[in-house]
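Structure data (TSV, C-alpha atoms) from target.tsv:
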chain	number	residue	atom	x	y	z
A	294	MET	CA	103.10	50.87	46.14
A	295	THR	CA	105.08	47.65	46.02
A	296	SER	CA	108.37	49.54	45.68
A	297	ILE	CA	107.62	51.59	48.81
A	298	THR	CA	106.85	48.44	50.78
A	299	SER	CA	109.96	46.66	49.57
A	300	LYS	CA	112.10	49.75	50.26
A	301	THR	CA	110.70	49.95	53.80
A	302	LYS	CA	111.30	46.24	54.28
A	303	THR	CA	114.87	46.52	53.05
A	304	THR	CA	115.54	49.50	55.32
A	305	SER	CA	114.21	47.73	58.40
A	306	GLU	CA	116.02	44.52	57.50
A	307	SER	CA	119.30	46.38	57.13
A	308	ALA	CA	118.70	48.02	60.51
A	309	SER	CA	118.92	44.79	62.49
A	310	PRO	CA	121.51	45.24	65.24
A	311	GLY	CA	123.55	42.13	64.41
A	312	LEU	CA	124.81	43.50	61.09
A	313	LEU	CA	127.12	46.19	62.47
A	314	PRO	CA	130.71	44.87	62.68
A	315	GLU	CA	132.61	45.39	65.92
A	316	GLY	CA	134.54	48.67	65.86
A	317	TYR	CA	132.88	49.89	62.64
A	318	ARG	CA	133.35	53.59	61.85
A	319	PRO	CA	131.89	55.34	58.78
A	320	SER	CA	134.49	56.49	56.28
A	321	ASP	CA	134.59	58.81	53.28
A	322	SER	CA	135.64	55.89	51.07
A	323	GLU	CA	132.17	54.31	51.41
A	324	GLU	CA	128.98	55.30	49.64
A	325	PHE	CA	127.46	58.15	51.66
A	326	MET	CA	124.67	57.05	54.02
A	327	ASN	CA	124.81	53.42	52.96
A	328	PRO	CA	122.87	50.95	55.17
A	329	MET	CA	125.92	50.35	57.37
A	330	GLN	CA	126.39	54.07	58.06
A	331	LEU	CA	122.68	54.52	58.75
A	332	LEU	CA	122.75	51.60	61.18
A	333	TYR	CA	125.84	53.04	62.87
A	334	PHE	CA	124.21	56.44	63.40
A	335	ARG	CA	120.88	54.88	64.45
A	336	LYS	CA	122.68	52.87	67.13
A	337	LYS	CA	124.66	55.92	68.25
A	338	LEU	CA	121.47	58.00	68.54
A	339	GLU	CA	119.51	55.24	70.30
A	340	ASP	CA	122.33	54.68	72.82
A	341	TRP	CA	122.49	58.43	73.49
A	342	ARG	CA	118.71	58.57	73.95
A	343	ALA	CA	118.78	55.63	76.39
A	344	GLU	CA	121.57	57.27	78.39
A	345	LEU	CA	119.63	60.54	78.68
A	346	ILE	CA	116.46	58.74	79.73
A	347	ASP	CA	118.37	56.79	82.39
A	348	GLU	CA	119.88	60.00	83.73
A	349	ALA	CA	116.45	61.64	83.86
A	350	GLY	CA	115.12	58.69	85.85
A	351	ALA	CA	118.02	58.95	88.27
A	352	THR	CA	117.34	62.67	88.71
A	353	ILE	CA	113.66	62.07	89.43
A	354	SER	CA	114.56	59.38	91.92
A	355	GLY	CA	117.16	61.61	93.56
A	356	LEU	CA	114.84	64.58	93.79
A	357	SER	CA	112.07	62.50	95.33
A	358	GLN	CA	114.48	61.19	97.97
A	359	GLU	CA	115.99	64.58	98.87
A	360	ASN	CA	115.15	65.62	102.38
A	361	LEU	CA	114.15	69.28	102.21
A	362	HIS	CA	113.32	69.28	105.92
A	363	GLN	CA	116.87	69.99	106.99
A	364	PRO	CA	117.10	71.94	110.24
A	365	ASP	CA	119.94	74.05	108.84
A	366	GLN	CA	118.79	76.67	106.33
A	367	MET	CA	122.13	76.59	104.52
A	368	ASP	CA	121.84	72.84	103.97
A	369	ARG	CA	118.30	73.22	102.68
A	370	ALA	CA	119.33	76.11	100.40
A	371	GLN	CA	122.16	74.02	98.95
A	372	ILE	CA	119.80	71.09	98.32
A	373	GLU	CA	117.30	73.39	96.61
A	374	SER	CA	120.04	75.00	94.52
A	375	ASN	CA	121.32	71.60	93.41
A	376	ALA	CA	117.78	70.48	92.57
A	377	ALA	CA	117.20	73.61	90.46
A	378	LEU	CA	120.46	72.99	88.59
A	379	ASP	CA	119.50	69.34	87.99
A	380	LEU	CA	116.11	70.41	86.65
A	381	ARG	CA	117.67	72.96	84.27
A	382	THR	CA	120.08	70.31	83.03
A	383	ARG	CA	117.24	67.84	82.47
A	384	ASP	CA	115.25	70.50	80.60
A	385	ARG	CA	118.18	70.96	78.22
A	386	GLU	CA	118.40	67.19	77.84
A	387	ARG	CA	114.65	67.05	77.12
A	388	LYS	CA	115.25	69.42	74.20
A	389	LEU	CA	118.18	67.25	73.13
A	390	LEU	CA	115.92	64.17	73.21
A	391	GLN	CA	113.57	65.93	70.78
A	392	LYS	CA	116.49	66.51	68.42
A	393	ILE	CA	117.53	62.86	68.74
A	394	GLU	CA	113.98	61.77	67.89
A	395	ALA	CA	113.99	64.09	64.87
A	396	ALA	CA	117.30	62.60	63.69
A	397	LEU	CA	115.90	59.06	64.06
A	398	ARG	CA	112.86	60.12	62.01
A	399	ARG	CA	115.20	61.46	59.30
A	400	ILE	CA	116.93	58.06	59.26
A	401	ASP	CA	113.54	56.37	58.79
A	402	GLU	CA	112.58	58.83	56.05
A	403	GLY	CA	115.91	58.46	54.24
A	404	SER	CA	116.96	62.10	54.64
A	405	TYR	CA	119.48	61.65	57.48
A	406	GLY	CA	122.95	62.97	56.74
A	407	TYR	CA	121.71	65.59	54.30
A	408	CYS	CA	121.34	69.30	55.11
A	409	VAL	CA	117.68	70.25	55.57
A	410	GLU	CA	118.33	73.61	53.91
A	411	THR	CA	120.67	72.77	51.02
A	412	ASP	CA	120.08	69.01	50.65
A	413	GLU	CA	123.87	68.56	50.46
A	414	PRO	CA	125.60	65.78	52.39
A	415	ILE	CA	126.72	66.68	55.92
A	416	ASN	CA	130.37	65.83	56.53
A	417	LEU	CA	130.80	62.47	58.31
A	418	ARG	CA	133.16	64.03	60.87
A	419	ARG	CA	130.44	66.55	61.74
A	420	LEU	CA	127.85	63.77	62.10
A	421	GLU	CA	130.26	61.75	64.20
A	422	ALA	CA	130.75	64.70	66.57
A	423	ARG	CA	127.11	65.82	66.49
A	424	PRO	CA	124.84	63.00	65.22
A	425	ILE	CA	121.77	65.23	65.59
A	426	ALA	CA	123.15	67.73	63.06
A	427	SER	CA	120.58	68.68	60.45
A	428	LEU	CA	122.58	71.43	58.77
A	429	SER	CA	125.87	71.29	56.89
A	430	LEU	CA	128.70	73.22	58.47
A	431	HIS	CA	128.31	76.04	55.93
A	432	ALA	CA	124.53	76.27	56.48
A	433	GLN	CA	125.02	76.18	60.28
A	434	GLU	CA	127.54	79.02	60.09
A	435	GLN	CA	125.14	81.09	57.97
A	436	HIS	CA	122.32	80.34	60.40
A	437	GLU	CA	124.46	81.47	63.37
A	438	ARG	CA	125.53	84.66	61.55
A	439	MET	CA	121.89	85.50	60.89
A	440	GLU	CA	121.03	84.89	64.56
A	441	ARG	CA	123.80	87.28	65.64
A	442	VAL	CA	122.63	89.95	63.20
A	443	HIS	CA	119.02	89.73	64.35
A	444	ARG	CA	119.99	89.48	68.03
A	445	ASP	CA	121.92	92.76	67.73
A	446	ASP	CA	118.87	94.58	66.35
Could you spell out this file's structure in structure tokens?
Amino acid sequence: MTSITSKTKTTSESASPGLLPEGYRPSDSEEFMNPMQLLYFRKKLEDWRAELIDEAGATISGLSQENLHQPDQMDRAQIESNAALDLRTRDRERKLLQKIEAALRRIDEGSYGYCVETDEPINLRRLEARPIASLSLHAQEQHERMERVHRDD
């Protein structure tokens, strides 16, 4: 029990925001998913989450201020069309937020950066491009092939 507590303490201590050097980028020459890399990806995910939440708030504010009582039907139709597009975009971002939360949980659990299917490390370039990735490139490709096969049925 003591080792779990000390491991948790060490993880949270290493996650303090002041420890990440300016301009730090994870590299293959480092130990995979060392505390610095975990902190880097945590910050990247948290910044992304904050940006999405801010955009959602702006959308809500914008939609509540839209004047749907336009005398011109074309104007009203355009406003409604734009609102529908904004809502679809926010719904996709809501799903993205769930994936960000799942990635942050994997960081907390110590499984971030490893494929959930094969338990192999996910390439750093892939994580850099898609920090919510939970599958290695090979596993993702297999998953997509299986989706295509079953979709064609």
**Nearest-residue call for Glu315 in chain A, choices A:Arg398, A:Met329, A:Glu339, A:His436, using all atoms listed in the file** =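 Nearest to Glu315 in chain A: A:Met329.
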**Request:** Do a neighbour search on Lys337 in chain A at 10 Å with all atoms listed in the file, toss out local chain neighbours closer than 6 positions, and write the hits as a PyMOL selection string.
**Result:** chain A and resi 331+393+421+424
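The coordinates place CA of Ser427 in chain A at 17.8 Å from CA of Arg387 in chain A.
Using all atoms listed in the file, the contacts of range 371-383 of chain A at a cut-off of 7 Å, with sequence neighbours closer than 3 positions omitted, comprise Ala349, Leu356, Met367, Asp368, Glu386 and Arg387 of chain A.
Nearest residue to Arg318 in chain A, choosing from A:Gln366, A:Glu410, A:Phe334, A:Asp340 and counting all atoms listed in the file: A:Phe334.
The space separating CA of Val409 in chain A from CA of Met439 in chain A comes to 16.7 Å.
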**Asked** Could you pull the residues within 12 Å of Lys388 in chain A, counting only C-alpha atoms, minus those fewer than 6 positions along the same chain, as an MDAnalysis selection string?
**Response** chainID A and resid 342 345 381:382 394:395 425
**Prompt:** What is the distance, in Å and to one decimal place, between CA of Gly316 in chain A and CA of Gln330 in chain A?
**Reply:**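 Computing it gives 12.5 Å between the two atoms.
Proximity to Arg419 in chain A at 10 Å, evaluated using all atoms listed in the file and with sequence-adjacent residues fewer than 6 positions away removed, yields Gly406, Ile425, Ala426, Leu428, Ser429 and Leu430 of chain A.
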Can you tell me which residues surround Ser320 in chain A at a distance of at most 10 Å, considering only C-alpha atoms, apart from same-chain residues fewer than 5 positions away, and format the answer as a compact mmCIF listing (two decimals) with C-alpha atoms, in the frame of the given file?
# COMPACT_ATOMS: atom_id res chain seq x y z
CA PHE A 325 127.46 58.15 51.66
CA GLN A 330 126.39 54.07 58.06
CA LEU A 417 130.80 62.47 58.31
CA ARG A 418 133.16 64.03 60.87
